[in-house]
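Heads up, the thing below is written out as structure tokens.
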Amino acid sequence: MSRGMTFVLLFPGQGSQKPGMAQDLSESYLAAREVLMRGDESLGVSMTSLLFNGPESDLTLTQNAQPALFLHGAALFAVLRDRLAKRVVAAAGHSLGEFTAYHAAGSLTLERGVRLVRRRGELMYESGVQRPGAMAAVLGDVEGGIEALCERATVESDLVVPANFNNAVQVVVSGTVAGVEKLMELAKEAGARRVVRLNVSGAFHSPLMESAAEGLELALDVAEMVDPDYPVWSNVTGNPVSSAAEARALLRQQLTSPVRWEQLIQRMTAQHPDARYLELGPGNVLTGLVRRIAPGVQVGTCGTAAEAEALLSELD
């Protein structure tokens, strides 16, 4: 590895969780074990047991998946911190992952961060109960564009909006059940290669999350965020954020706004074309998206003890 090699950290969002996550890290690294123990103490529940053993049905619940992924990302960063931190120039996360990115950048302590994302998950779940909604992934090009299709579906049925612009041929929509079902029908007629209803508990990243956003704003106000050590790129704007005040405002706004992941990666890779983009978390969803959006940059994953060991050896 070049002495001048820099890194951009990427943290996945909800959907990447799976039973067994972080268990090998806990068994192999004291730093990871301490993160998980502190997380359990902060929440007053054994999140570690849920990470290691599931069941998957419980781990998938929004209020559990979010702190689980946050702790896994925090544990990985704790293992790598001493040899990696000085090489990091930026970070980003997909939806929930943006909170993990702020923790890695020193803006949120572990205890404040894990309680904040637990509360975020609870608020999102409660909002989904109060105002039931749905989400669907639209794969492939659609005639007229996804925004126009959402507007038409909203007029003809009920509210539906773009929620995640993941890449040029993968967009997630969110809204009322009727609105999403109408959009799915229109997308198939407009040439979508595939349309898939997602197994989620609410209409995330849509106006139906406004009550959750109001509750999250209160939680953010007492979270005592500080300015990050390096820029964290915002899902909402696709731009770097360097102040805690702006971070709080955008994290609140994120709940009702689309995740502009494609735009974020395009801008970030233009600014850091020679960095290595490292996904810290279970799986490789973000790695795949970055490869499609910016095929010329270096990417990699680090989600297991074996991958952490390999990276540490390389850093040495």
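Order determines the names: the first chain of the structure tokens is A, the second B, and so forth; residues in each chain are numbered 1 upward, and ligands are numbered 1 upward as they are shown.
Neighbouring residues of region 62-67 of chain A at 8 Å or closer, counting only C-alpha atoms and skipping chain neighbours under 5 positions away, are Gly13, Gln14, Gly15, Gln17, Met47, Leu96, Val114, Arg115, Val117, Arg118, Arg119, Arg120, Gly121, Glu122, Met124, Tyr125 and Ser201 of chain A.
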Filtering to N, CA and C atoms, could you give me those residues as a short mmCIF file (atom, residue, chain, number, x, y, z; two decimals), in the first residue's frame?
data_model
loop_
_atom_site.label_atom_id
_atom_site.label_comp_id
_atom_site.auth_asym_id
_atom_site.auth_seq_id
_atom_site.Cartn_x
_atom_site.Cartn_y
_atom_site.Cartn_z
N GLY A 13 -26.90 0.87 5.24
CA GLY A 13 -28.15 1.15 5.93
C GLY A 13 -28.96 -0.10 6.17
N GLN A 14 -30.17 0.13 6.61
CA GLN A 14 -31.06 -0.97 6.97
C GLN A 14 -31.27 -1.92 5.80
N GLY A 15 -31.26 -3.20 6.10
CA GLY A 15 -31.36 -4.23 5.07
C GLY A 15 -30.10 -5.06 4.99
N GLN A 17 -28.36 -5.99 7.67
CA GLN A 17 -28.20 -6.76 8.92
C GLN A 17 -28.46 -8.25 8.68
N MET A 47 -28.21 -6.04 22.98
CA MET A 47 -28.19 -5.96 21.52
C MET A 47 -27.18 -6.96 20.96
N LEU A 96 -29.50 5.19 7.53
CA LEU A 96 -28.99 4.95 8.89
C LEU A 96 -27.47 5.03 8.94
N VAL A 114 -25.61 5.38 19.62
CA VAL A 114 -26.44 4.17 19.62
C VAL A 114 -27.82 4.46 20.20
N ARG A 115 -27.89 5.34 21.20
CA ARG A 115 -29.22 5.71 21.73
C ARG A 115 -30.01 6.51 20.71
N VAL A 117 -29.80 6.34 17.34
CA VAL A 117 -30.32 5.52 16.24
C VAL A 117 -31.40 4.55 16.74
N ARG A 118 -31.31 4.13 17.99
CA ARG A 118 -32.40 3.32 18.56
C ARG A 118 -33.69 4.14 18.58
N ARG A 119 -33.58 5.39 19.01
CA ARG A 119 -34.75 6.27 19.05
C ARG A 119 -35.26 6.53 17.64
N ARG A 120 -34.36 6.73 16.70
CA ARG A 120 -34.75 6.93 15.30
C ARG A 120 -35.55 5.73 14.80
N GLY A 121 -35.08 4.53 15.09
CA GLY A 121 -35.79 3.33 14.66
C GLY A 121 -37.17 3.23 15.30
N GLU A 122 -37.26 3.56 16.59
CA GLU A 122 -38.55 3.52 17.28
C GLU A 122 -39.52 4.52 16.66
N MET A 124 -39.49 5.78 13.61
CA MET A 124 -39.86 5.37 12.26
C MET A 124 -40.89 4.24 12.31
N TYR A 125 -40.71 3.33 13.25
CA TYR A 125 -41.67 2.24 13.40
C TYR A 125 -43.04 2.79 13.82
N SER A 201 -41.42 -1.50 7.42
CA SER A 201 -42.54 -1.21 8.32
C SER A 201 -43.16 0.17 8.10
#
All helix (DSSP H, G or I) positions in region 32-250 of chain A, as JSON, numbers by chain: {"A": [32, 33, 34, 35, 36, 37, 38, 39, 40, 41, 42, 43, 47, 48, 49, 50, 51, 52, 53, 56, 57, 58, 59, 62, 63, 64, 65, 66, 67, 68, 69, 70, 71, 72, 73, 74, 75, 76, 77, 78, 79, 80, 81, 82, 83, 84, 85, 86, 87, 97, 98, 99, 100, 101, 102, 103, 104, 110, 111, 112, 113, 114, 115, 116, 117, 118, 119, 120, 121, 122, 123, 124, 125, 126, 127, 128, 129, 130, 146, 147, 148, 149, 150, 151, 152, 153, 154, 155, 156, 177, 178, 179, 180, 181, 182, 183, 184, 185, 186, 187, 188, 189, 207, 208, 209, 210, 211, 212, 213, 214, 215, 216, 217, 218, 219, 220, 221, 244, 245, 246, 247, 248, 249, 250]}
Going by DSSP on the backbone, which bits of region 68-305 of chain A are strand (DSSP E)? Write them as an NGL selection string, please. :A and (88-93 or 134-139 or 160-167 or 170-175 or 194-197 or 232-233 or 240-241 or 276-280 or 298-302)
Go through region 114-159 of chain A residue by residue and, counting only C-alpha atoms, keep those with an atom at most 7 Å from region 169-183 of chain A; for each kept residue give the shortest atom pair and its distance in Å to one decimal, ordered by chain and increasing number, as CSV.
residue,atom,partner,partner_atom,distance
A:Pro132,CA,A:Thr176,CA,6.7
A:Gly133,CA,A:Thr176,CA,4.3
A:Ala134,CA,A:Val177,CA,5.1
A:Met135,CA,A:Ser174,CA,4.4
A:Ala136,CA,A:Val173,CA,5.4
A:Ala137,CA,A:Val172,CA,4.3
A:Val138,CA,A:Val171,CA,5.3
A:Leu139,CA,A:Gln170,CA,4.7
A:Gly140,CA,A:Val169,CA,4.5
A:Asp141,CA,A:Val169,CA,5.7
A:Leu149,CA,A:Leu183,CA,6.7
A:Cys150,CA,A:Leu183,CA,6.2
A:Ala153,CA,A:Leu183,CA,5.3
A:Thr154,CA,A:Gly179,CA,6.0
A:Ser157,CA,A:Gly179,CA,5.5
A:Asp158,CA,A:Gly179,CA,4.3
A:Leu159,CA,A:Gly179,CA,5.1
Quick one: everything within 12 Å of Glu111 (chain A), counting only C-alpha atoms, minus sequence neighbours fewer than 6 positions away in the same chain. Send it as a list in words. Glu34, Val35, Leu36, Met37, Arg38, Gly39, Asp40, Glu41, Ser42, Leu43, Gly44, Pro67, Phe70, Leu71, Ala74, Thr100, His103, Val117, Arg118, Ala223, Glu224 and Met225 of chain A
Selection from above, N, CA and C atoms, as a short mmCIF file (atom, residue, chain, number, x, y, z; two decimals), in the first residue's frame, can you write it?
data_model
loop_
_atom_site.label_atom_id
_atom_site.label_comp_id
_atom_site.auth_asym_id
_atom_site.auth_seq_id
_atom_site.Cartn_x
_atom_site.Cartn_y
_atom_site.Cartn_z
N GLU A 34 -15.44 -4.43 23.39
CA GLU A 34 -15.74 -3.30 24.28
C GLU A 34 -16.83 -2.42 23.68
N VAL A 35 -16.81 -2.20 22.37
CA VAL A 35 -17.85 -1.41 21.72
C VAL A 35 -19.22 -2.04 21.93
N LEU A 36 -19.30 -3.34 21.72
CA LEU A 36 -20.58 -4.04 21.86
C LEU A 36 -21.07 -4.02 23.31
N MET A 37 -20.15 -4.19 24.25
CA MET A 37 -20.53 -4.13 25.67
C MET A 37 -21.05 -2.75 26.05
N ARG A 38 -20.38 -1.72 25.57
CA ARG A 38 -20.81 -0.35 25.86
C ARG A 38 -22.17 -0.07 25.23
N GLY A 39 -22.39 -0.63 24.05
CA GLY A 39 -23.68 -0.48 23.39
C GLY A 39 -24.80 -1.10 24.20
N ASP A 40 -24.56 -2.31 24.70
CA ASP A 40 -25.56 -2.99 25.54
C ASP A 40 -25.86 -2.17 26.80
N GLU A 41 -24.81 -1.66 27.43
CA GLU A 41 -25.00 -0.87 28.65
C GLU A 41 -25.78 0.41 28.36
N SER A 42 -25.51 1.05 27.23
CA SER A 42 -26.18 2.30 26.88
C SER A 42 -27.67 2.09 26.63
N LEU A 43 -28.01 0.97 25.99
CA LEU A 43 -29.40 0.70 25.63
C LEU A 43 -30.17 -0.02 26.74
N GLY A 44 -29.44 -0.65 27.65
CA GLY A 44 -30.10 -1.39 28.72
C GLY A 44 -30.70 -2.70 28.25
N PRO A 67 -29.75 0.17 15.53
CA PRO A 67 -28.63 0.11 16.47
C PRO A 67 -27.69 -1.06 16.20
N PHE A 70 -25.38 0.12 13.47
CA PHE A 70 -24.52 1.16 14.03
C PHE A 70 -23.40 0.54 14.86
N LEU A 71 -23.75 -0.42 15.71
CA LEU A 71 -22.73 -1.05 16.57
C LEU A 71 -21.74 -1.87 15.77
N ALA A 74 -19.42 0.63 14.21
CA ALA A 74 -18.57 1.22 15.24
C ALA A 74 -17.52 0.23 15.72
N THR A 100 -23.66 6.35 11.55
CA THR A 100 -22.41 5.62 11.85
C THR A 100 -21.22 6.40 11.32
N HIS A 103 -20.32 9.04 13.73
CA HIS A 103 -19.60 8.48 14.88
C HIS A 103 -18.13 8.26 14.53
N VAL A 117 -29.80 6.34 17.34
CA VAL A 117 -30.32 5.52 16.24
C VAL A 117 -31.40 4.55 16.74
N ARG A 118 -31.31 4.13 17.99
CA ARG A 118 -32.40 3.32 18.56
C ARG A 118 -33.69 4.14 18.58
N ALA A 223 -28.37 15.42 21.61
CA ALA A 223 -27.34 14.41 21.33
C ALA A 223 -25.92 14.93 21.46
N GLU A 224 -25.75 16.25 21.59
CA GLU A 224 -24.43 16.86 21.79
C GLU A 224 -23.44 16.46 20.71
N MET A 225 -23.83 16.66 19.46
CA MET A 225 -22.91 16.43 18.35
C MET A 225 -21.86 17.53 18.32
#
When you draw a straight line from CA of Ala105 (chain A) to CA of Ala247 (chain A), how long is it in Å? 11.9 Å
Report as a ChimeraX atom specification all protein, DNA and RNA residues lying within 6 Å of Val232 (chain A), evaluated on only C-alpha atoms, omitting residues in the same chain fewer than 5 positions from it. /A:90-92,240-241
With N, CA and C atoms retained, write the just-selected residues as a PDB file, in the first residue's frame.
ATOM      1  N   ALA A  90     -12.804  11.370   4.211  1.00  0.00           N
ATOM      2  CA  ALA A  90     -14.243  11.628   4.149  1.00  0.00           C
ATOM      3  C   ALA A  90     -14.988  10.360   4.537  1.00  0.00           C
ATOM      4  N   ALA A  91     -16.282  10.522   4.799  1.00  0.00           N
ATOM      5  CA  ALA A  91     -17.133   9.369   5.110  1.00  0.00           C
ATOM      6  C   ALA A  91     -18.548   9.651   4.626  1.00  0.00           C
ATOM      7  N   ALA A  92     -19.301   8.575   4.459  1.00  0.00           N
ATOM      8  CA  ALA A  92     -20.712   8.687   4.086  1.00  0.00           C
ATOM      9  C   ALA A  92     -21.400   7.411   4.517  1.00  0.00           C
ATOM     10  N   PRO A 240     -20.605  17.632   1.041  1.00  0.00           N
ATOM     11  CA  PRO A 240     -19.929  17.397   2.319  1.00  0.00           C
ATOM     12  C   PRO A 240     -20.435  18.314   3.415  1.00  0.00           C
ATOM     13  N   VAL A 241     -20.463  17.789   4.637  1.00  0.00           N
ATOM     14  CA  VAL A 241     -20.899  18.537   5.813  1.00  0.00           C
ATOM     15  C   VAL A 241     -19.747  18.576   6.813  1.00  0.00           C
TER      16      VAL A 241
END
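Among the candidate residues A:Asn166, A:Thr60, A:Thr109, A:Ser46, the one lying nearest to Gln266 (chain A) is A:Asn166, with distances computed using only C-alpha atoms.
Each of A:Thr6, A:Asn167, A:Gln23, A:Thr48 was compared to Leu84 (chain A) using only C-alpha atoms, and A:Thr6 turns out to be the nearest.
In this model, the gap between CA of Gly303 (chain A) and CA of Val285 (chain A) comes to 11.7 Å.
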For a test of reading the model, state the distance in Å between CA of Glu143 (chain A) and CA of Ser206 (chain A), rounded to one decimal. 22.7 Å
Region 304-308 of chain A environment, 10 Å, only C-alpha atoms, sequence neighbours closer than 5 positions dropped, as a list in words: Met21, Ala22, Gln23, Asp24, Leu25, Ser26, Glu27, Ser28, Tyr29, Ala32, His72, Leu76, Phe77, Val79, Leu80, Leu280, Gly281, Pro282, Gly283, Ser313 and Glu314 of chain A
